[in-house]
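See structure below.
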Amino acid sequence: MEAVDSGSDGASRGQRRVGIAYDERMCRHHTPDNAPHPENPDRIRAIWNELQAAGITQRCEVLNAKEAEDKYILSVHSKSHVDLIRNISSKQFNSRRNIIASEFDSIYLNKGSSEAAYLAAGSVIEVAKRVAKGELDSAFAIVRPPGHHAEHDEAMGFCLYNNVAIATKFLLNKKELGINKILIVDWDVHHGNGTQKTFRKDPRVLFFSVHRHEFGSFYPASDDGDYTMIGEGPGAGYNINVPLGYGRHGDADYLAVWDHILIPVAKQFNPDMILISAGFDAAVGDPLGGCCVTPYGYAMMLKKLVDFARGKIVLALEGGYNLASISNSALACMEVLLDDKTVASSTKAYPFESTWRVIQAVRQELKAFWSVLADESPTKLTSQKAPIPQILISSCDSEAEDVEELLQDFIRPLSTFRVDEDHHVLAESASVSWRSDLSIIDIWYATFGSNMWKPRFLCYIEGGQVDGMQKPCSGSMDKSPPKEILWKTFPHRLFFGRESTRAWGLGGVAFLHPESKDEDIVHMCLYKITLEQFNDVLLQENVSSYGMSSPFFDLTSLDCSKEKGSIDLEAVKNSWYHNVVYLGMEQDIPILTMTCNMSDIKNFKSGKFPLRAPSEDYANTLIRGLVEGGQLSEEEAMSYIKDAATKPL
């Protein structure tokens, strides 16, 4: 197919009419201090530049972004949430913006956040409306901030407004558009919790999400993404989750999910339109996803959907944090929308055995709702199992590398990998063996807050919650209990700060002053756990992270903390407990704790970070830990906490 001239509107004879929404103003949303962050303006710039260089934009209709109207956003989000996002970039919030952002899970806010959020939601609405009317055949909204994690009354996971959910509601509520059934496909590596909750009772919307789940420990770290979450009431059966295991899934895994779950159900559902939450963080080289879907894989996933809904498809960008990967993947998808020839696959591979088990479990769960899933999957296909098709776990530094080089560097012979009986994918490659390496290293985790009470600490190991907690913990990969527990005192200062937490609600939580003073004393409960478990606790304490392709704190970090006394963790530097402090040795085993750093202490002293007394529920947990641990009487424990909460820092 010949490309049209760059001055054309892209609607040449024989060419599909494809729209692109992009607006540089969405790049004004960035971290307040321009600190590095995976969700940054270069993400959409990289995609736009790649499409321009490939001549794609010249063959499409480029649409100007429009800010969404509040009335459409309110169909998904609460008035209080809309009011907050609308006003958060105004001068009246200058002094409180960072504090408000810190109260959410994995969110930053700046003076450009409001505008970007409205443009992102408005862009998806606009392209969806144009496709629904038939003015465009399909479209791609290159937007940020992403949206699929945003819930009714809460921003989270880099998402402020749920762009796809808002556009879906718009289409369904505009009866004149004739869109009565919508298929939402979320192929972002993280579960689309916000979208699922929006439509869990709505049979007009079939929500399908394939995501890395790790039994609920991968972000957003809940059971919402489990295959048993099938919708509620009239929406039962219209929510389909395909929760994959521990990463490293590639084209073969995703295409098997398509062929044996999504495509059969899509045929039976027969949607009027398809919206895709197009996150590219399951792509080769992504620093957060840890999977290895290639541009070919994304192209084939999209290609298999274009035969539905008369090709009325809208892609809206969600995640994806390797610039080369998201650019190449977006380009491959645009070539499909323009009906170009799909690139040939460079790899022949079969899905993990664990992927087939998930597919069978999903089909079993939903066969009562979808007759096409009642039949057994063909034996010939399900017998084609490979331990792992390819491996790629990379750091953020890999963004500048060429994806093809990455593929060559990280593809390993299939015979070097195996799957154990618990579905864990095991590999001999050093890049994915950190868990086994750190599982044989013991450390003492010294706790000073609610974790002093053993049942509360076990939530971080086994999962769950105790009385007073408002949010459960996902637990660690290794759920073995501590090998030993002991108590010690240290010459450090305990204090309470921050306005509220998701786990405990309003009230301060415990921090340890990282510097020691002889006149200070803090009671600490020490748990002997593995360094692998310590990393999982770090992840759960610092909820701004998206899971781990590599450890936050490895043996090199341990040596550094011994030498320097503490180490700031770059991966979670914007979280509250990002400073690992070395407290000495016990039984020749290092004692570690996690708290804030000295820069944070200055902010607490200046009032930039609030000092707050703990809530009653949180304080009672500390008291129970101290009393049941035999350290203090109840009266002494209450006095100890009161002193820590009232003594000037």
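By convention in this document, the chains of the structure tokens carry letters A, B, ... by their order, each chain's residues are numbered from 1, and ligands are numbered from 1 in the order they are shown.
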Would you kindly return, as a PyMOL selection string, each protein, DNA or RNA residue with an atom no farther than 12 Å from any atom of Thr198 (chain A), considering only C-alpha atoms and excluding same-chain residues fewer than 2 positions away?
chain A and resi 74-78+148-153+162-166+168-169+184+192-196+200-207+231-232+235+239
Can you tell me, as a PyMOL selection string, what residues are no more than 8 Å from region 156-161 of chain A when counting only C-alpha atoms, ignoring any on the same chain fewer than 3 positions away?
chain A and resi 39+73+77+85+104-108+117-118+121+145-151+220+544
With N, CA and C atoms retained, could you export that selection as a short mmCIF file (atom, residue, chain, number, x, y, z; two decimals), in the first residue's frame?
```cif
data_model
loop_
_atom_site.label_atom_id
_atom_site.label_comp_id
_atom_site.auth_asym_id
_atom_site.auth_seq_id
_atom_site.Cartn_x
_atom_site.Cartn_y
_atom_site.Cartn_z
N GLU A 39 7.14 6.70 34.75
CA GLU A 39 6.03 7.30 34.00
C GLU A 39 6.38 8.77 33.77
N ILE A 73 -16.62 12.68 33.12
CA ILE A 73 -15.72 12.08 34.12
C ILE A 73 -16.51 11.59 35.33
N HIS A 77 -16.03 8.65 38.15
CA HIS A 77 -15.37 9.08 39.39
C HIS A 77 -16.30 9.91 40.27
N ILE A 85 -8.76 16.55 41.37
CA ILE A 85 -7.91 16.53 40.19
C ILE A 85 -8.06 17.83 39.39
N PHE A 104 -1.62 8.96 48.31
CA PHE A 104 -2.09 7.98 47.34
C PHE A 104 -1.00 6.95 47.08
N ASP A 105 -1.38 5.90 46.40
CA ASP A 105 -0.47 4.80 46.07
C ASP A 105 0.15 5.08 44.70
N SER A 106 1.45 5.38 44.69
CA SER A 106 2.21 5.53 43.45
C SER A 106 1.71 6.68 42.59
N ILE A 107 1.62 7.84 43.20
CA ILE A 107 1.14 9.03 42.49
C ILE A 107 2.08 10.20 42.76
N TYR A 108 2.38 10.97 41.72
CA TYR A 108 2.99 12.29 41.90
C TYR A 108 2.10 13.32 41.23
N ALA A 117 -4.40 15.34 32.87
CA ALA A 117 -5.44 14.35 33.17
C ALA A 117 -6.69 14.61 32.35
N TYR A 118 -7.07 15.86 32.23
CA TYR A 118 -8.27 16.20 31.44
C TYR A 118 -8.04 15.98 29.95
N ALA A 121 -8.11 12.02 29.29
CA ALA A 121 -9.48 11.50 29.25
C ALA A 121 -10.24 12.04 28.04
N PRO A 145 -1.41 11.15 31.85
CA PRO A 145 -1.17 9.93 32.62
C PRO A 145 -2.09 8.80 32.21
N PRO A 146 -1.62 7.54 32.46
CA PRO A 146 -2.46 6.39 32.15
C PRO A 146 -3.69 6.36 33.05
N GLY A 147 -4.54 5.33 32.89
CA GLY A 147 -5.80 5.41 33.61
C GLY A 147 -6.35 4.17 34.27
N HIS A 148 -5.92 2.97 33.89
CA HIS A 148 -6.70 1.79 34.26
C HIS A 148 -6.66 1.43 35.74
N HIS A 149 -5.74 2.01 36.51
CA HIS A 149 -5.73 1.76 37.96
C HIS A 149 -6.64 2.72 38.73
N ALA A 150 -6.97 3.86 38.14
CA ALA A 150 -7.75 4.87 38.86
C ALA A 150 -9.13 4.34 39.20
N GLU A 151 -9.50 4.44 40.46
CA GLU A 151 -10.79 3.94 40.92
C GLU A 151 -11.77 5.09 41.14
N PRO A 220 -1.42 -4.38 41.16
CA PRO A 220 -1.71 -3.61 42.38
C PRO A 220 -1.86 -4.41 43.66
N SER A 544 4.80 2.36 46.48
CA SER A 544 4.90 3.07 45.21
C SER A 544 5.60 2.24 44.15
#
```
What's around Glu563 (chain A) at 12 Å? Count only C-alpha atoms, leave out sequence neighbours fewer than 5 positions away in its own chain, and write the answer as an NGL selection string.
:A and (556-558 or 581-584)
Just to be explicit: take each residue in the selection above, keep all heavy atoms, and write the result as a PDB file, in the first residue's frame.
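What ended up in out_5.pdb:
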```pdb
ATOM      1  N   THR A 556      25.316  -6.634  47.455  1.00  0.00           N
ATOM      2  CA  THR A 556      26.132  -5.422  47.315  1.00  0.00           C
ATOM      3  C   THR A 556      25.586  -4.310  48.193  1.00  0.00           C
ATOM      4  O   THR A 556      26.340  -3.580  48.852  1.00  0.00           O
ATOM      5  CB  THR A 556      26.165  -4.973  45.846  1.00  0.00           C
ATOM      6  OG1 THR A 556      26.701  -6.027  45.039  1.00  0.00           O
ATOM      7  CG2 THR A 556      27.007  -3.721  45.681  1.00  0.00           C
ATOM      8  N   SER A 557      24.255  -4.185  48.224  1.00  0.00           N
ATOM      9  CA  SER A 557      23.622  -3.187  49.085  1.00  0.00           C
ATOM     10  C   SER A 557      23.913  -3.478  50.547  1.00  0.00           C
ATOM     11  O   SER A 557      24.144  -2.554  51.343  1.00  0.00           O
ATOM     12  CB  SER A 557      22.110  -3.168  48.845  1.00  0.00           C
ATOM     13  OG  SER A 557      21.804  -2.955  47.489  1.00  0.00           O
ATOM     14  N   LEU A 558      23.894  -4.763  50.905  1.00  0.00           N
ATOM     15  CA  LEU A 558      24.178  -5.147  52.290  1.00  0.00           C
ATOM     16  C   LEU A 558      25.586  -4.738  52.687  1.00  0.00           C
ATOM     17  O   LEU A 558      25.810  -4.152  53.760  1.00  0.00           O
ATOM     18  CB  LEU A 558      23.986  -6.653  52.452  1.00  0.00           C
ATOM     19  CG  LEU A 558      24.261  -7.241  53.846  1.00  0.00           C
ATOM     20  CD1 LEU A 558      23.390  -6.582  54.900  1.00  0.00           C
ATOM     21  CD2 LEU A 558      24.040  -8.746  53.830  1.00  0.00           C
ATOM     22  N   VAL A 581      18.823   0.913  57.216  1.00  0.00           N
ATOM     23  CA  VAL A 581      19.832   1.251  58.221  1.00  0.00           C
ATOM     24  C   VAL A 581      20.416  -0.040  58.801  1.00  0.00           C
ATOM     25  O   VAL A 581      19.680  -0.960  59.171  1.00  0.00           O
ATOM     26  CB  VAL A 581      19.226   2.116  59.339  1.00  0.00           C
ATOM     27  CG1 VAL A 581      20.274   2.424  60.406  1.00  0.00           C
ATOM     28  CG2 VAL A 581      18.649   3.407  58.762  1.00  0.00           C
ATOM     29  N   TYR A 582      21.723  -0.089  58.855  1.00  0.00           N
ATOM     30  CA  TYR A 582      22.447  -1.222  59.442  1.00  0.00           C
ATOM     31  C   TYR A 582      22.664  -0.941  60.928  1.00  0.00           C
ATOM     32  O   TYR A 582      23.232   0.081  61.313  1.00  0.00           O
ATOM     33  CB  TYR A 582      23.780  -1.410  58.724  1.00  0.00           C
ATOM     34  CG  TYR A 582      24.713  -2.409  59.360  1.00  0.00           C
ATOM     35  CD1 TYR A 582      24.448  -3.775  59.285  1.00  0.00           C
ATOM     36  CD2 TYR A 582      25.869  -1.989  60.016  1.00  0.00           C
ATOM     37  CE1 TYR A 582      25.315  -4.700  59.866  1.00  0.00           C
ATOM     38  CE2 TYR A 582      26.741  -2.899  60.593  1.00  0.00           C
ATOM     39  CZ  TYR A 582      26.458  -4.254  60.515  1.00  0.00           C
ATOM     40  OH  TYR A 582      27.312  -5.158  61.084  1.00  0.00           O
ATOM     41  N   LEU A 583      22.205  -1.850  61.800  1.00  0.00           N
ATOM     42  CA  LEU A 583      22.248  -1.634  63.244  1.00  0.00           C
ATOM     43  C   LEU A 583      23.271  -2.514  63.956  1.00  0.00           C
ATOM     44  O   LEU A 583      23.341  -2.503  65.185  1.00  0.00           O
ATOM     45  CB  LEU A 583      20.858  -1.885  63.840  1.00  0.00           C
ATOM     46  CG  LEU A 583      19.750  -0.916  63.394  1.00  0.00           C
ATOM     47  CD1 LEU A 583      18.395  -1.388  63.898  1.00  0.00           C
ATOM     48  CD2 LEU A 583      20.031   0.502  63.876  1.00  0.00           C
ATOM     49  N   GLY A 584      24.045  -3.276  63.221  1.00  0.00           N
ATOM     50  CA  GLY A 584      25.057  -4.124  63.840  1.00  0.00           C
ATOM     51  C   GLY A 584      24.836  -5.594  63.521  1.00  0.00           C
ATOM     52  O   GLY A 584      24.150  -5.949  62.554  1.00  0.00           O
TER      53      GLY A 584
END
```
Would you compute the distance between CA of Glu67 (chain A) and CA of Leu338 (chain A)? Give it in Å to one decimal.
26.9 Å
Per DSSP on the backbone, filter region 6-60 of chain A down to the residues in strand (DSSP E or B) and report them as number ranges by chain.
A: 18-21
Near Glu635 (chain A), counting only C-alpha atoms, which residues have an atom at most 12 Å away, once you skip same-chain residues fewer than 4 positions from it, shown as a list in words?
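Residues meeting the cut-off are Asn620, Ile623, Arg624, Leu626, Val627, Gln631, Ser639, Tyr640, Ile641 and Lys642 of chain A.
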Please write the residues from the selection above to a file, keeping all heavy atoms, as a PDB file, in the first residue's frame.
```
ATOM      1  N   ASN A 620      -2.553   0.817  69.430  1.00  0.00           N
ATOM      2  CA  ASN A 620      -2.857  -0.420  70.152  1.00  0.00           C
ATOM      3  C   ASN A 620      -2.054  -1.600  69.613  1.00  0.00           C
ATOM      4  O   ASN A 620      -1.710  -2.526  70.365  1.00  0.00           O
ATOM      5  CB  ASN A 620      -4.352  -0.728  70.070  1.00  0.00           C
ATOM      6  CG  ASN A 620      -5.178   0.185  70.963  1.00  0.00           C
ATOM      7  OD1 ASN A 620      -4.656   0.773  71.914  1.00  0.00           O
ATOM      8  ND2 ASN A 620      -6.460   0.325  70.659  1.00  0.00           N
ATOM      9  N   ILE A 623       1.280  -1.338  71.199  1.00  0.00           N
ATOM     10  CA  ILE A 623       1.179  -1.707  72.610  1.00  0.00           C
ATOM     11  C   ILE A 623       1.123  -3.220  72.758  1.00  0.00           C
ATOM     12  O   ILE A 623       1.814  -3.806  73.605  1.00  0.00           O
ATOM     13  CB  ILE A 623      -0.069  -1.044  73.239  1.00  0.00           C
ATOM     14  CG1 ILE A 623       0.128   0.487  73.301  1.00  0.00           C
ATOM     15  CG2 ILE A 623      -0.344  -1.610  74.628  1.00  0.00           C
ATOM     16  CD1 ILE A 623      -1.129   1.250  73.674  1.00  0.00           C
ATOM     17  N   ARG A 624       0.330  -3.876  71.924  1.00  0.00           N
ATOM     18  CA  ARG A 624       0.224  -5.332  71.997  1.00  0.00           C
ATOM     19  C   ARG A 624       1.575  -5.991  71.715  1.00  0.00           C
ATOM     20  O   ARG A 624       1.947  -6.975  72.357  1.00  0.00           O
ATOM     21  CB  ARG A 624      -0.823  -5.843  71.007  1.00  0.00           C
ATOM     22  CG  ARG A 624      -2.226  -5.412  71.330  1.00  0.00           C
ATOM     23  CD  ARG A 624      -3.244  -6.044  70.410  1.00  0.00           C
ATOM     24  NE  ARG A 624      -3.421  -7.464  70.682  1.00  0.00           N
ATOM     25  CZ  ARG A 624      -4.373  -8.221  70.129  1.00  0.00           C
ATOM     26  NH1 ARG A 624      -5.221  -7.676  69.273  1.00  0.00           N
ATOM     27  NH2 ARG A 624      -4.475  -9.503  70.433  1.00  0.00           N
ATOM     28  N   LEU A 626       4.603  -4.720  72.271  1.00  0.00           N
ATOM     29  CA  LEU A 626       5.504  -4.495  73.398  1.00  0.00           C
ATOM     30  C   LEU A 626       5.117  -5.324  74.616  1.00  0.00           C
ATOM     31  O   LEU A 626       5.981  -5.864  75.328  1.00  0.00           O
ATOM     32  CB  LEU A 626       5.520  -3.009  73.755  1.00  0.00           C
ATOM     33  CG  LEU A 626       6.194  -2.086  72.733  1.00  0.00           C
ATOM     34  CD1 LEU A 626       5.783  -0.636  72.964  1.00  0.00           C
ATOM     35  CD2 LEU A 626       7.717  -2.240  72.806  1.00  0.00           C
ATOM     36  N   VAL A 627       3.806  -5.433  74.864  1.00  0.00           N
ATOM     37  CA  VAL A 627       3.329  -6.172  76.035  1.00  0.00           C
ATOM     38  C   VAL A 627       3.482  -7.677  75.820  1.00  0.00           C
ATOM     39  O   VAL A 627       4.033  -8.388  76.671  1.00  0.00           O
ATOM     40  CB  VAL A 627       1.862  -5.803  76.345  1.00  0.00           C
ATOM     41  CG1 VAL A 627       1.317  -6.691  77.461  1.00  0.00           C
ATOM     42  CG2 VAL A 627       1.757  -4.337  76.735  1.00  0.00           C
ATOM     43  N   GLN A 631       8.268  -6.818  76.904  1.00  0.00           N
ATOM     44  CA  GLN A 631       9.188  -5.686  77.054  1.00  0.00           C
ATOM     45  C   GLN A 631       8.691  -4.650  78.040  1.00  0.00           C
ATOM     46  O   GLN A 631       9.470  -4.103  78.817  1.00  0.00           O
ATOM     47  CB  GLN A 631       9.409  -5.023  75.686  1.00  0.00           C
ATOM     48  CG  GLN A 631       9.941  -5.964  74.618  1.00  0.00           C
ATOM     49  CD  GLN A 631      11.191  -6.673  75.073  1.00  0.00           C
ATOM     50  OE1 GLN A 631      12.229  -6.062  75.304  1.00  0.00           O
ATOM     51  NE2 GLN A 631      11.088  -7.996  75.221  1.00  0.00           N
ATOM     52  N   SER A 639       2.782   4.905  77.815  1.00  0.00           N
ATOM     53  CA  SER A 639       3.624   6.066  78.109  1.00  0.00           C
ATOM     54  C   SER A 639       4.758   6.188  77.087  1.00  0.00           C
ATOM     55  O   SER A 639       5.094   7.300  76.645  1.00  0.00           O
ATOM     56  CB  SER A 639       4.196   5.941  79.523  1.00  0.00           C
ATOM     57  OG  SER A 639       5.070   7.009  79.814  1.00  0.00           O
ATOM     58  N   TYR A 640       5.328   5.065  76.715  1.00  0.00           N
ATOM     59  CA  TYR A 640       6.417   5.036  75.727  1.00  0.00           C
ATOM     60  C   TYR A 640       5.949   5.617  74.385  1.00  0.00           C
ATOM     61  O   TYR A 640       6.639   6.447  73.766  1.00  0.00           O
ATOM     62  CB  TYR A 640       6.878   3.594  75.571  1.00  0.00           C
ATOM     63  CG  TYR A 640       7.825   3.314  74.429  1.00  0.00           C
ATOM     64  CD1 TYR A 640       9.160   3.719  74.463  1.00  0.00           C
ATOM     65  CD2 TYR A 640       7.391   2.604  73.312  1.00  0.00           C
ATOM     66  CE1 TYR A 640      10.030   3.430  73.418  1.00  0.00           C
ATOM     67  CE2 TYR A 640       8.254   2.305  72.263  1.00  0.00           C
ATOM     68  CZ  TYR A 640       9.572   2.720  72.318  1.00  0.00           C
ATOM     69  OH  TYR A 640      10.425   2.432  71.283  1.00  0.00           O
ATOM     70  N   ILE A 641       4.769   5.239  73.962  1.00  0.00           N
ATOM     71  CA  ILE A 641       4.243   5.721  72.685  1.00  0.00           C
ATOM     72  C   ILE A 641       3.848   7.191  72.784  1.00  0.00           C
ATOM     73  O   ILE A 641       4.094   7.981  71.864  1.00  0.00           O
ATOM     74  CB  ILE A 641       3.048   4.853  72.248  1.00  0.00           C
ATOM     75  CG1 ILE A 641       3.551   3.448  71.899  1.00  0.00           C
ATOM     76  CG2 ILE A 641       2.323   5.462  71.051  1.00  0.00           C
ATOM     77  CD1 ILE A 641       2.454   2.449  71.688  1.00  0.00           C
ATOM     78  N   LYS A 642       3.256   7.573  73.923  1.00  0.00           N
ATOM     79  CA  LYS A 642       2.876   8.979  74.106  1.00  0.00           C
ATOM     80  C   LYS A 642       4.104   9.879  74.063  1.00  0.00           C
ATOM     81  O   LYS A 642       4.097  10.949  73.430  1.00  0.00           O
ATOM     82  CB  LYS A 642       2.133   9.151  75.425  1.00  0.00           C
ATOM     83  CG  LYS A 642       1.675  10.574  75.675  1.00  0.00           C
ATOM     84  CD  LYS A 642       0.924  10.698  76.998  1.00  0.00           C
ATOM     85  CE  LYS A 642       0.489  12.132  77.243  1.00  0.00           C
ATOM     86  NZ  LYS A 642      -0.228  12.262  78.544  1.00  0.00           N
TER      87      LYS A 642
END
```
Let's see if you can do this: from backbone DSSP, list all helix (DSSP H, G or I) residues in region 31-260 of chain A, as a VMD selection string.
chain A and resid 42 to 53 57 to 59 70 to 73 79 to 87 91 to 93 97 to 102 113 to 133 163 to 173 175 to 177 193 to 199 214 to 216 223 to 225 233 to 235 251 to 260
Which residue is closest to Gly625 (chain A)? Choose from A:Asn579, A:Leu569, A:Met452, A:Asp554 and count only C-alpha atoms.
A:Met452
Residues of region 116-197 of chain A that have any atom at most 12 Å from an atom of region 246-258 of chain A: could you tabulate them with the shortest-distance atom pair and the distance in Å to one decimal, using only C-alpha atoms, ordered by chain and increasing number, as CSV?
```
residue,atom,partner,partner_atom,distance
A:Val185,CA,A:Trp258,CA,10.6
A:Asp186,CA,A:Tyr254,CA,12.0
A:Trp187,CA,A:Tyr254,CA,9.0
A:Asp188,CA,A:Tyr254,CA,11.5
A:Val189,CA,A:Gly247,CA,9.1
A:His190,CA,A:Gly247,CA,11.0
```
Include C-alpha atoms and write out the residues we just selected as a CSV table (one decimal), in the first residue's frame.
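For reference, part-v1.csv as written:
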```csv
chain,number,residue,atom,x,y,z
A,185,VAL,CA,-9.2,-5.6,26.4
A,186,ASP,CA,-6.5,-4.7,29.0
A,187,TRP,CA,-3.1,-6.2,28.0
A,188,ASP,CA,-1.1,-4.0,30.3
A,189,VAL,CA,1.2,-6.2,32.5
A,190,HIS,CA,-0.7,-4.9,35.6
```
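Computed from the coordinates, the CA of Ser354 (chain A) to CA of Tyr219 (chain A) distance equals 19.7 Å.
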For the interface of region 520-555 of chain A with region 468-480 of chain A (cut-off 10 Å, counting only C-alpha atoms), please tabulate each contacting residue of region 520-555 of chain A alongside its nearest pair of atoms and their separation in Å to one decimal, rows sorted by chain and increasing number, as CSV.
```
residue,atom,partner,partner_atom,distance
A:Ile529,CA,A:Ser480,CA,8.5
A:Thr530,CA,A:Asp478,CA,9.0
A:Glu532,CA,A:Asp478,CA,7.9
A:Gln533,CA,A:Ser476,CA,6.2
A:Phe534,CA,A:Ser476,CA,8.8
A:Asn535,CA,A:Ser476,CA,8.7
A:Asp536,CA,A:Ser476,CA,5.4
A:Val537,CA,A:Ser476,CA,7.0
A:Leu539,CA,A:Ser476,CA,9.2
A:Gln540,CA,A:Cys473,CA,7.2
A:Glu541,CA,A:Cys473,CA,9.5
```
Restrict the selected residues to C-alpha atoms and save them as a short mmCIF file (atom, residue, chain, number, x, y, z; two decimals), in the first residue's frame.
```
data_model
loop_
_atom_site.label_atom_id
_atom_site.label_comp_id
_atom_site.auth_asym_id
_atom_site.auth_seq_id
_atom_site.Cartn_x
_atom_site.Cartn_y
_atom_site.Cartn_z
CA ILE A 529 14.11 -13.89 57.92
CA THR A 530 15.82 -14.32 54.58
CA GLU A 532 14.58 -12.51 49.85
CA GLN A 533 11.75 -12.04 52.35
CA PHE A 534 13.25 -8.71 53.44
CA ASN A 535 12.96 -7.52 49.84
CA ASP A 536 9.30 -8.52 49.74
CA VAL A 537 8.68 -6.63 52.98
CA LEU A 539 8.10 -3.84 48.50
CA GLN A 540 5.00 -3.92 50.69
CA GLU A 541 6.20 -1.11 52.97
#
```
Quick one: contact table of region 61-174 of chain A to region 15-27 of chain A, 12 Å max, nearest atom pair and distance in Å to one decimal per residue, counting only C-alpha atoms, chain and number order, as CSV?
```
residue,atom,partner,partner_atom,distance
A:Glu61,CA,A:Gly19,CA,4.7
A:Val62,CA,A:Ile20,CA,4.8
A:Leu63,CA,A:Ala21,CA,4.9
A:Asn64,CA,A:Ala21,CA,6.4
A:Ala65,CA,A:Asp23,CA,5.9
A:Lys66,CA,A:Asp23,CA,9.2
A:Glu67,CA,A:Met26,CA,10.8
A:Asn110,CA,A:Cys27,CA,11.4
A:Lys111,CA,A:Cys27,CA,11.4
A:Gly112,CA,A:Met26,CA,7.8
A:Ser113,CA,A:Met26,CA,8.1
A:Ser114,CA,A:Met26,CA,9.6
A:Glu115,CA,A:Met26,CA,7.2
A:Ala116,CA,A:Met26,CA,4.4
A:Ala117,CA,A:Met26,CA,7.7
A:Tyr118,CA,A:Met26,CA,9.1
A:Leu119,CA,A:Met26,CA,6.9
A:Ala120,CA,A:Met26,CA,7.3
A:Ala121,CA,A:Met26,CA,10.9
A:Gly122,CA,A:Ala21,CA,9.8
A:Ser123,CA,A:Ala21,CA,6.1
A:Val124,CA,A:Ala21,CA,7.8
A:Ile125,CA,A:Ala21,CA,10.3
A:Glu126,CA,A:Ala21,CA,8.5
A:Val127,CA,A:Gly19,CA,7.0
A:Ala128,CA,A:Gly19,CA,9.8
A:Lys129,CA,A:Gly19,CA,11.3
A:Arg130,CA,A:Gly19,CA,8.6
A:Val131,CA,A:Gly19,CA,8.6
A:Gly134,CA,A:Arg17,CA,9.3
A:Glu135,CA,A:Arg17,CA,7.8
A:Leu136,CA,A:Arg17,CA,5.1
A:Asp137,CA,A:Arg17,CA,5.2
A:Ser138,CA,A:Val18,CA,5.0
A:Ala139,CA,A:Gly19,CA,4.3
A:Phe140,CA,A:Ile20,CA,5.0
A:Ala141,CA,A:Ala21,CA,4.6
A:Ile142,CA,A:Tyr22,CA,5.4
A:Val143,CA,A:Tyr22,CA,6.6
A:Arg144,CA,A:Met26,CA,6.2
A:Pro145,CA,A:Met26,CA,7.6
A:Pro146,CA,A:Met26,CA,10.8
```
Pairwise distance for CA of Arg502 (chain A) and CA of Glu154 (chain A), rounded to one decimal in Å:
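Distance between the two atoms: 11.0 Å.
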Quick one: residues within 8 Å of His492 (chain A), only C-alpha atoms, excluding same-chain residues fewer than 6 positions away - as a tab-separated table (two decimals) with N, CA, C and O atoms, in the first residue's frame?
```tsv
chain	number	residue	atom	x	y	z
A	512	LEU	N	11.88	5.78	62.53
A	512	LEU	CA	13.07	5.73	63.38
A	512	LEU	C	14.04	6.78	62.88
A	512	LEU	O	14.35	6.84	61.69
A	513	HIS	N	14.51	7.62	63.79
A	513	HIS	CA	15.55	8.58	63.40
A	513	HIS	C	16.79	7.78	63.00
A	513	HIS	O	17.28	6.96	63.77
A	514	PRO	N	17.30	8.00	61.78
A	514	PRO	CA	18.41	7.16	61.31
A	514	PRO	C	19.73	7.36	62.06
A	514	PRO	O	20.59	6.49	62.01
A	515	GLU	N	19.87	8.50	62.75
A	515	GLU	CA	21.09	8.73	63.51
A	515	GLU	C	20.89	8.35	64.98
A	515	GLU	O	19.81	8.55	65.53
A	516	SER	N	21.91	7.78	65.58
A	516	SER	CA	21.81	7.33	66.97
A	516	SER	C	22.28	8.42	67.93
A	516	SER	O	23.16	9.21	67.61
A	517	LYS	N	21.66	8.45	69.11
A	517	LYS	CA	22.06	9.33	70.19
A	517	LYS	C	21.97	8.54	71.50
A	517	LYS	O	21.01	7.81	71.72
A	518	ASP	N	22.97	8.72	72.35
A	518	ASP	CA	23.04	7.92	73.57
A	518	ASP	C	21.82	8.10	74.46
A	518	ASP	O	21.42	7.17	75.16
A	520	ASP	N	18.75	8.51	73.58
A	520	ASP	CA	17.53	7.93	73.01
A	520	ASP	C	17.50	6.42	73.22
A	520	ASP	O	18.54	5.76	73.34
A	521	ILE	N	16.28	5.88	73.25
A	521	ILE	CA	16.12	4.42	73.35
A	521	ILE	C	14.87	4.02	72.58
A	521	ILE	O	13.83	4.67	72.69
A	522	VAL	N	14.99	2.97	71.81
A	522	VAL	CA	13.86	2.44	71.08
A	522	VAL	C	13.83	0.93	71.25
A	522	VAL	O	14.87	0.26	71.22
```
Hey, which of A:Asn173, A:Ser500, A:Gln360, A:Thr447 ends up closest to Arg612 (chain A)? Count only C-alpha atoms.
A:Ser500
Would you mind listing what lies within 7 Å of Val580 (chain A) as a count of residues only, with only C-alpha atoms counted and same-chain residues fewer than 5 positions away left out?
7
For Leu531 (chain A), work out the shell of residues within 7 Å, counting only C-alpha atoms and skipping chain neighbours fewer than 4 positions away, then give it as a PyMOL selection string.
chain A and resi 438-439+441-443+535
